[in-house]
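A quick write-up on the structure given underneath.
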Amino acid sequence: MYGISRMDMNRSVKAFRPKKFDNETSFIHDFLIPLKQIGCIHLTDEIIDYWQTLEKYDFPLINLSSMCLAIETARFRSEQTEVPIPYAFHIIKMIDMIKYCESIVGGKKRINDLKQQLSSLVSNAVQYPEKQADYAVQILKGIVSSNDEFQIGYILHKLDPSLTFNIPSGPDFKLCNIGIKVEAKSKLNRTYLGDYNLQSIGVNKEICLRLLARDAVKAGAISEAFNHQGTDIAVVSLSHSEFGDIFAAHVYENNLRSNTREDYEFDSAFKGAVKLVKQGKRGIILYSEVITGYHPYTIGAIASEKDTVERLGSELEKKEKGTKIGSKAPNYYYRIVEEARQMDSNIENQNGHDGASPYRS
């Protein structure tokens with residue numbers, strides 16, 4: 001698949017499986033993967049054992065792993081750039097999350113749906129070699145999106161054990177004890193990968209909300225999330241969006257402070273969103289993973305009302321279009337951040353520095 005012959009597959013199938021380096025580190029495609037640093041909750045042996053179990057039930061893990069390696073190899077040949085962490089880490093993360101979620105009501109059916117989805121894409125890629133590159137992108141997007149969904153399931157289940165996967169058509173999850181339905185959304189809409197610049201980006205919670213809202217609105221994540229009848233809260237992953245990394249970097253820096261620390265804890269955002277729903281509103285949680293490779297994994301999150309997120313995101317996107325700042329322009333990130341900062345300052349001035357905080361409910 002994707003440039004790897006069947007003979008190569010048979011000879012090197014073991015190379016596509018993870019191996020144990022130590023209790024909290026796996027080894028795959030000549031890369032070490034620090035499990036805790038990427039957000040895994042299980043130890044190496046547990047993940048390897050579950051990988052073997054899934055293989056026995058025809059989960060196409062070897063195909064997925066070989067595809068990831070082929071993409072990395074093709075990228076290196078074309079760009080002479082190595083990926084900092086192998087794409088196969090998404091497969092490791094998938095196994096880790098579904099191992100937990102299979103015990104949640106409705107989890108096994110959702111896992112089986114994912115298996116069928118990925119198996120179908122793998123089959124199509126084998127059947128139509130000329131379209132393998134396109135199917136590879138679809139497969140990678142499917143894995144990343146499902147990982148975000150299962151991770152939200154894991155986090156919410158820890159906060160509220162009454163959570164179930166919503167088996168009938170509708171939002172992804174239901175919090176049975178409080179009757180709230182939650183939709184998980186993940187968007188891979190990063191078209192700009194940044195450029196080298198020593199300029200510091202100073203942001204705060206209000207500016208971060210504008211930037212994340214812009215990403216969510218631009219990707220169509222909000223409208224899609226609330227298309228489902230009965231969605232009360234949308235949880236939108238922006239880990240793979242254009243400003244998700246800047247938000248994650250800000251959260252990382254914020255967490256190092258001893259004073260003036262802003263609250264980006266997911267459980268705080270969740271409580272804020274639930275409060276909005278109880279007031280008859282619809283809530284949105286925008287979040288991004290904070291992965292450094294050296295420090296403990298965490299998640300940064302902000303909650304706000306749906307209408308507020310849509311308004312803030314649309315305003316910034318409109319400003320971006322009006323100034324004709326293209327994603328290929330030098331210092332693209334910085335220029336959009338400055339637009340968000342200016343808009344925030346204008347609101348403060350109009351309200352006599354009262355702030356008109358979008359977090360008020």
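Every chain in the structure tokens takes a letter, A first, then B, and so on in the order presented; its residues are numbered from 1, and the ligands are numbered from 1 following the presented order.
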
Give me the residues near A:Ile28 as a PyMOL selection string, where near means some atom within 9 Å (using only C-alpha atoms) and where sequence neighbours in that chain fewer than 5 positions away do not count. chain A and resi 15-20+33+86+88-89

Please list as a list in words every residue within 8 Å of A:Ile143, counting only C-alpha atoms and excluding residues in the same chain fewer than 2 positions away.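 Once the adjacent positions are removed, what remains is His90, Ile91, Met94, Ile139, Leu140, Lys141, Ser145, Ser146 and Asn147 of chain A.
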
Find the residues around stretch 100-107 of chain A up to 8 Å (only C-alpha atoms counted), leave out those fewer than 4 positions away in its own chain, and share them as a VMD selection string. chain A and resid 96 111 150 153 to 154 163 to 167

Go ahead and write the selection's residues with C-alpha atoms as a JSON list (two decimals), in the first residue's frame.
[["chain", "number", "residue", "atom", "x", "y", "z"],
["A", 96, "ASP", "CA", -4.86, 3.94, 23.99],
["A", 111, "ILE", "CA", -15.14, 1.33, 17.91],
["A", 150, "PHE", "CA", -12.55, 9.19, 21.99],
["A", 153, "GLY", "CA", -15.29, 10.69, 25.71],
["A", 154, "TYR", "CA", -12.52, 9.70, 28.12],
["A", 163, "LEU", "CA", -21.66, 9.64, 30.06],
["A", 164, "THR", "CA", -22.62, 7.26, 27.24],
["A", 165, "PHE", "CA", -21.95, 7.19, 23.53],
["A", 166, "ASN", "CA", -25.18, 8.38, 21.95],
["A", 167, "ILE", "CA", -26.09, 5.31, 19.87]]

Near A:Glu24, counting only C-alpha atoms, which residues have an atom at most 6 Å away, once you skip same-chain residues fewer than 4 positions from it, shown as a list in words? Leu35, Leu43 and Thr44 of chain A

With all heavy atoms retained, write the just-selected residues as an mmCIF file, in the first residue's frame.
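Contents of selection_36.cif, freshly written:
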data_model
loop_
_atom_site.group_PDB
_atom_site.id
_atom_site.type_symbol
_atom_site.label_atom_id
_atom_site.label_comp_id
_atom_site.auth_asym_id
_atom_site.auth_seq_id
_atom_site.Cartn_x
_atom_site.Cartn_y
_atom_site.Cartn_z
ATOM 1 N N LEU A 35 4.869 7.985 25.877
ATOM 2 C CA LEU A 35 3.415 7.846 25.929
ATOM 3 C C LEU A 35 2.742 8.927 26.772
ATOM 4 O O LEU A 35 1.708 9.482 26.368
ATOM 5 C CB LEU A 35 3.043 6.460 26.453
ATOM 6 C CG LEU A 35 3.578 5.283 25.617
ATOM 7 C CD1 LEU A 35 3.203 3.967 26.284
ATOM 8 C CD2 LEU A 35 3.033 5.330 24.193
ATOM 9 N N LEU A 43 0.069 2.015 29.954
ATOM 10 C CA LEU A 43 1.489 1.728 29.853
ATOM 11 C C LEU A 43 1.799 0.977 28.558
ATOM 12 O O LEU A 43 0.895 0.497 27.863
ATOM 13 C CB LEU A 43 1.941 0.905 31.064
ATOM 14 C CG LEU A 43 1.787 1.585 32.424
ATOM 15 C CD1 LEU A 43 2.164 0.618 33.542
ATOM 16 C CD2 LEU A 43 2.619 2.854 32.508
ATOM 17 N N THR A 44 3.083 0.880 28.245
ATOM 18 C CA THR A 44 3.513 0.289 26.973
ATOM 19 C C THR A 44 2.976 -1.128 26.780
ATOM 20 O O THR A 44 2.446 -1.464 25.706
ATOM 21 C CB THR A 44 5.052 0.262 26.899
ATOM 22 O OG1 THR A 44 5.563 1.569 27.151
ATOM 23 C CG2 THR A 44 5.517 -0.193 25.532
#

Near stretch 308-314 of chain A, counting only C-alpha atoms, which residues have an atom at most 8 Å away, once you skip same-chain residues fewer than 5 positions from it, shown as a list in words?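 In the requested form, the answer reads Leu209, Arg210, Leu211, Leu212, Ala213, Arg214, Asp215, Ala216, Val217, Lys218, Ile222, Ile284 and Pro358 of chain A.
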
Take the selection from the previous step and output its residues with N, CA and C atoms, as a PDB file, in the first residue's frame.
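This went into out10.pdb:
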ATOM      1  N   LEU A 209      -9.530  33.544  22.701  1.00  0.00           N
ATOM      2  CA  LEU A 209     -10.888  33.164  22.333  1.00  0.00           C
ATOM      3  C   LEU A 209     -11.210  33.636  20.921  1.00  0.00           C
ATOM      4  N   ARG A 210     -10.810  34.852  20.572  1.00  0.00           N
ATOM      5  CA  ARG A 210     -11.061  35.356  19.216  1.00  0.00           C
ATOM      6  C   ARG A 210     -10.349  34.497  18.164  1.00  0.00           C
ATOM      7  N   LEU A 211      -9.096  34.165  18.435  1.00  0.00           N
ATOM      8  CA  LEU A 211      -8.319  33.382  17.471  1.00  0.00           C
ATOM      9  C   LEU A 211      -8.896  31.976  17.292  1.00  0.00           C
ATOM     10  N   LEU A 212      -9.245  31.328  18.404  1.00  0.00           N
ATOM     11  CA  LEU A 212      -9.823  29.987  18.324  1.00  0.00           C
ATOM     12  C   LEU A 212     -11.201  30.027  17.680  1.00  0.00           C
ATOM     13  N   ALA A 213     -11.978  31.072  18.006  1.00  0.00           N
ATOM     14  CA  ALA A 213     -13.305  31.216  17.401  1.00  0.00           C
ATOM     15  C   ALA A 213     -13.173  31.387  15.894  1.00  0.00           C
ATOM     16  N   ARG A 214     -12.172  32.150  15.475  1.00  0.00           N
ATOM     17  CA  ARG A 214     -11.924  32.335  14.038  1.00  0.00           C
ATOM     18  C   ARG A 214     -11.646  30.995  13.363  1.00  0.00           C
ATOM     19  N   ASP A 215     -10.792  30.161  13.991  1.00  0.00           N
ATOM     20  CA  ASP A 215     -10.481  28.843  13.426  1.00  0.00           C
ATOM     21  C   ASP A 215     -11.729  27.970  13.335  1.00  0.00           C
ATOM     22  N   ALA A 216     -12.519  27.969  14.407  1.00  0.00           N
ATOM     23  CA  ALA A 216     -13.710  27.108  14.458  1.00  0.00           C
ATOM     24  C   ALA A 216     -14.749  27.540  13.432  1.00  0.00           C
ATOM     25  N   VAL A 217     -14.965  28.851  13.317  1.00  0.00           N
ATOM     26  CA  VAL A 217     -15.948  29.369  12.360  1.00  0.00           C
ATOM     27  C   VAL A 217     -15.482  29.123  10.928  1.00  0.00           C
ATOM     28  N   LYS A 218     -14.211  29.408  10.671  1.00  0.00           N
ATOM     29  CA  LYS A 218     -13.667  29.253   9.326  1.00  0.00           C
ATOM     30  C   LYS A 218     -13.735  27.809   8.848  1.00  0.00           C
ATOM     31  N   ILE A 222     -18.587  24.790  13.991  1.00  0.00           N
ATOM     32  CA  ILE A 222     -19.712  25.139  14.858  1.00  0.00           C
ATOM     33  C   ILE A 222     -21.038  24.809  14.188  1.00  0.00           C
ATOM     34  N   ILE A 284     -20.000  26.185  24.021  1.00  0.00           N
ATOM     35  CA  ILE A 284     -18.923  25.653  23.192  1.00  0.00           C
ATOM     36  C   ILE A 284     -17.647  25.621  24.020  1.00  0.00           C
ATOM     37  N   PRO A 358     -16.402  38.243  27.195  1.00  0.00           N
ATOM     38  CA  PRO A 358     -17.220  37.208  26.543  1.00  0.00           C
ATOM     39  C   PRO A 358     -17.465  36.015  27.438  1.00  0.00           C
TER      40      PRO A 358
END

DSSP on the backbone, then: every residue of stretch 82-188 of chain A marked helix (DSSP H, G or I), written as a ChimeraX atom specification. /A:89-101,107-127,129-159

Give the answer as one residue: which of A:Val13, A:Glu183, A:Leu118, A:Ala125 has the shortest atom-to-atom distance to A:Glu149, using only C-alpha atoms?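 Closest residue, counting only C-alpha atoms: A:Glu183.
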
Between atom CA of A:Tyr50 and atom CA of A:Lys93, what is the distance in Å, rounded to a tenth? 11.9 Å

Could you pull out all residues of stretch 116-355 of chain A with a DSSP call of strand (DSSP E or B) and give them as a ChimeraX atom specification? /A:163-165,173-175,180-186,233-237,283-290,298-305

So the first atom is atom CA of A:Ser119 and the second is atom CA of A:Ile92; what is the distance between them in Å, to one decimal place? 17.2 Å

Could you jot down the atom CA of A:Lys275 to atom CA of A:Asp263 separation for me, Å, one decimal place?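 Here the two named atoms are 16.5 Å from each other.
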
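Here the question is which of A:Ile47, A:Val182, A:Tyr332, A:Tyr252 gets nearest to A:Val277 using only C-alpha atoms, and that residue is A:Val182.
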
Within 8 Å of A:Ile299, counting only C-alpha atoms, which residues qualify if same-chain residues fewer than 5 places away don't, as number ranges by chain? A: 248, 264-266, 287-290

Grab the residues selected above and save them as a short mmCIF file (atom, residue, chain, number, x, y, z; two decimals), in the first residue's frame with C-alpha atoms.
data_model
loop_
_atom_site.label_atom_id
_atom_site.label_comp_id
_atom_site.auth_asym_id
_atom_site.auth_seq_id
_atom_site.Cartn_x
_atom_site.Cartn_y
_atom_site.Cartn_z
CA ALA A 248 -1.18 25.77 23.30
CA TYR A 264 -7.48 27.05 31.10
CA GLU A 265 -8.36 23.79 32.84
CA PHE A 266 -10.75 21.59 30.86
CA TYR A 287 -9.46 23.33 23.22
CA SER A 288 -5.99 22.39 22.10
CA GLU A 289 -3.49 19.79 23.28
CA VAL A 290 -0.26 21.02 24.85
#

Go through A:Val137, A:Ile207, A:Ile233, A:Ile41 and flag the residue nearest A:Ile246, using only C-alpha atoms for the distances. A:Ile207
